[in-house]
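Asker: If you scroll down you'll find the structure; I have some questions about it.
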Amino acid sequence: TLPGRLPDVGRDGIEVDRAGLALHDLTPELATALKYDSRARGALILRMKRNGPAARAGLEPGHLITAVAGKPVVNARQAAAALASASLV
């Protein structure tokens, strides 16, 4: 279950075509709105392609990515770069 309802952040976000999702930095305001710890950092999943790799892995919009392949990420740009080079099985 998601911590809270995903607020509208428009069409902003970093598209990660390879994983089939779009990411946004988790800001303190978004963290509060989603009931994450206000100190949490990472990449918030905004939207996903139906049946894309991320969807098949069980991820959903509103989930927070804090690490990729065991390596911490603190924002959407880092997560996108890590996903672009990760083995997506």
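By convention in this document, the chains of the structure tokens carry letters A, B, ... by their order, each chain's residues are numbered from 1, and ligands are numbered from 1 in the order they are shown.
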Report as a PyMOL selection string all protein, DNA and RNA residues lying within 9 Å of region 27-29 of chain A, evaluated on only C-alpha atoms, omitting residues in the same chain fewer than 3 positions from it.

Answerer: chain A and resi 24+32-34+36-42

Asker: Write down as a count of residues only the residues of chain A whose backbone DSSP state falls under alpha helix (DSSP H).

Answerer: 20

Asker: Which residues, written as a PyMOL selection string, have at least one atom at most 6 Å from region 47-63 of chain A, with only C-alpha atoms counted and residues fewer than 2 positions away on the same chain left out?

Answerer: chain A and resi 6+19-22+44-45

Asker: Which residues are close to Ala82 (chain A), i.e. within 9 Å by only C-alpha atoms, leaving aside same-chain residues fewer than 2 positions away? Reply as a VMD selection string.

Answerer: chain A and resid 67 to 69 71 73 77 to 80 84 to 86

Asker: Can you tell me how far CA of Leu30 (chain A) sits from CA of Ser87 (chain A), in Å to one decimal?

Answerer: 28.9 Å

Asker: For the atom pair CA of Ala31 (chain A) and CA of Arg18 (chain A), what is the interatomic distance in Å to one decimal place?

Answerer: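 Distance between the two atoms: 25.9 Å.
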
Asker: Hey, can you check how far CA of Glu15 (chain A) sits from CA of Ala81 (chain A)?

Answerer: 10.8 Å

Asker: Restricting the calculation to only C-alpha atoms, which member of A:Ala43, A:Asp25, A:Ile14, A:Lys35 is positioned closest to Leu64 (chain A)?

Answerer: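 Looking at the shortest contact to Leu64 (chain A), the residue is A:Ala43.
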
Asker: Step one, run DSSP on the backbone; step two, keep only residues of region 11-72 of chain A assigned to strand (DSSP E); then write them as a VMD selection string.

Answerer: chain A and resid 14 to 16 21 to 25 43 to 48 64 to 65 67 to 68 71 to 72

Asker: Could you check which of A:Leu83, A:Ile65, A:Val74, A:Gly13 is closest to Leu46 (chain A), using only C-alpha atoms?

Answerer: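 That would be A:Gly13, the residue with the smallest distance to Leu46 (chain A).
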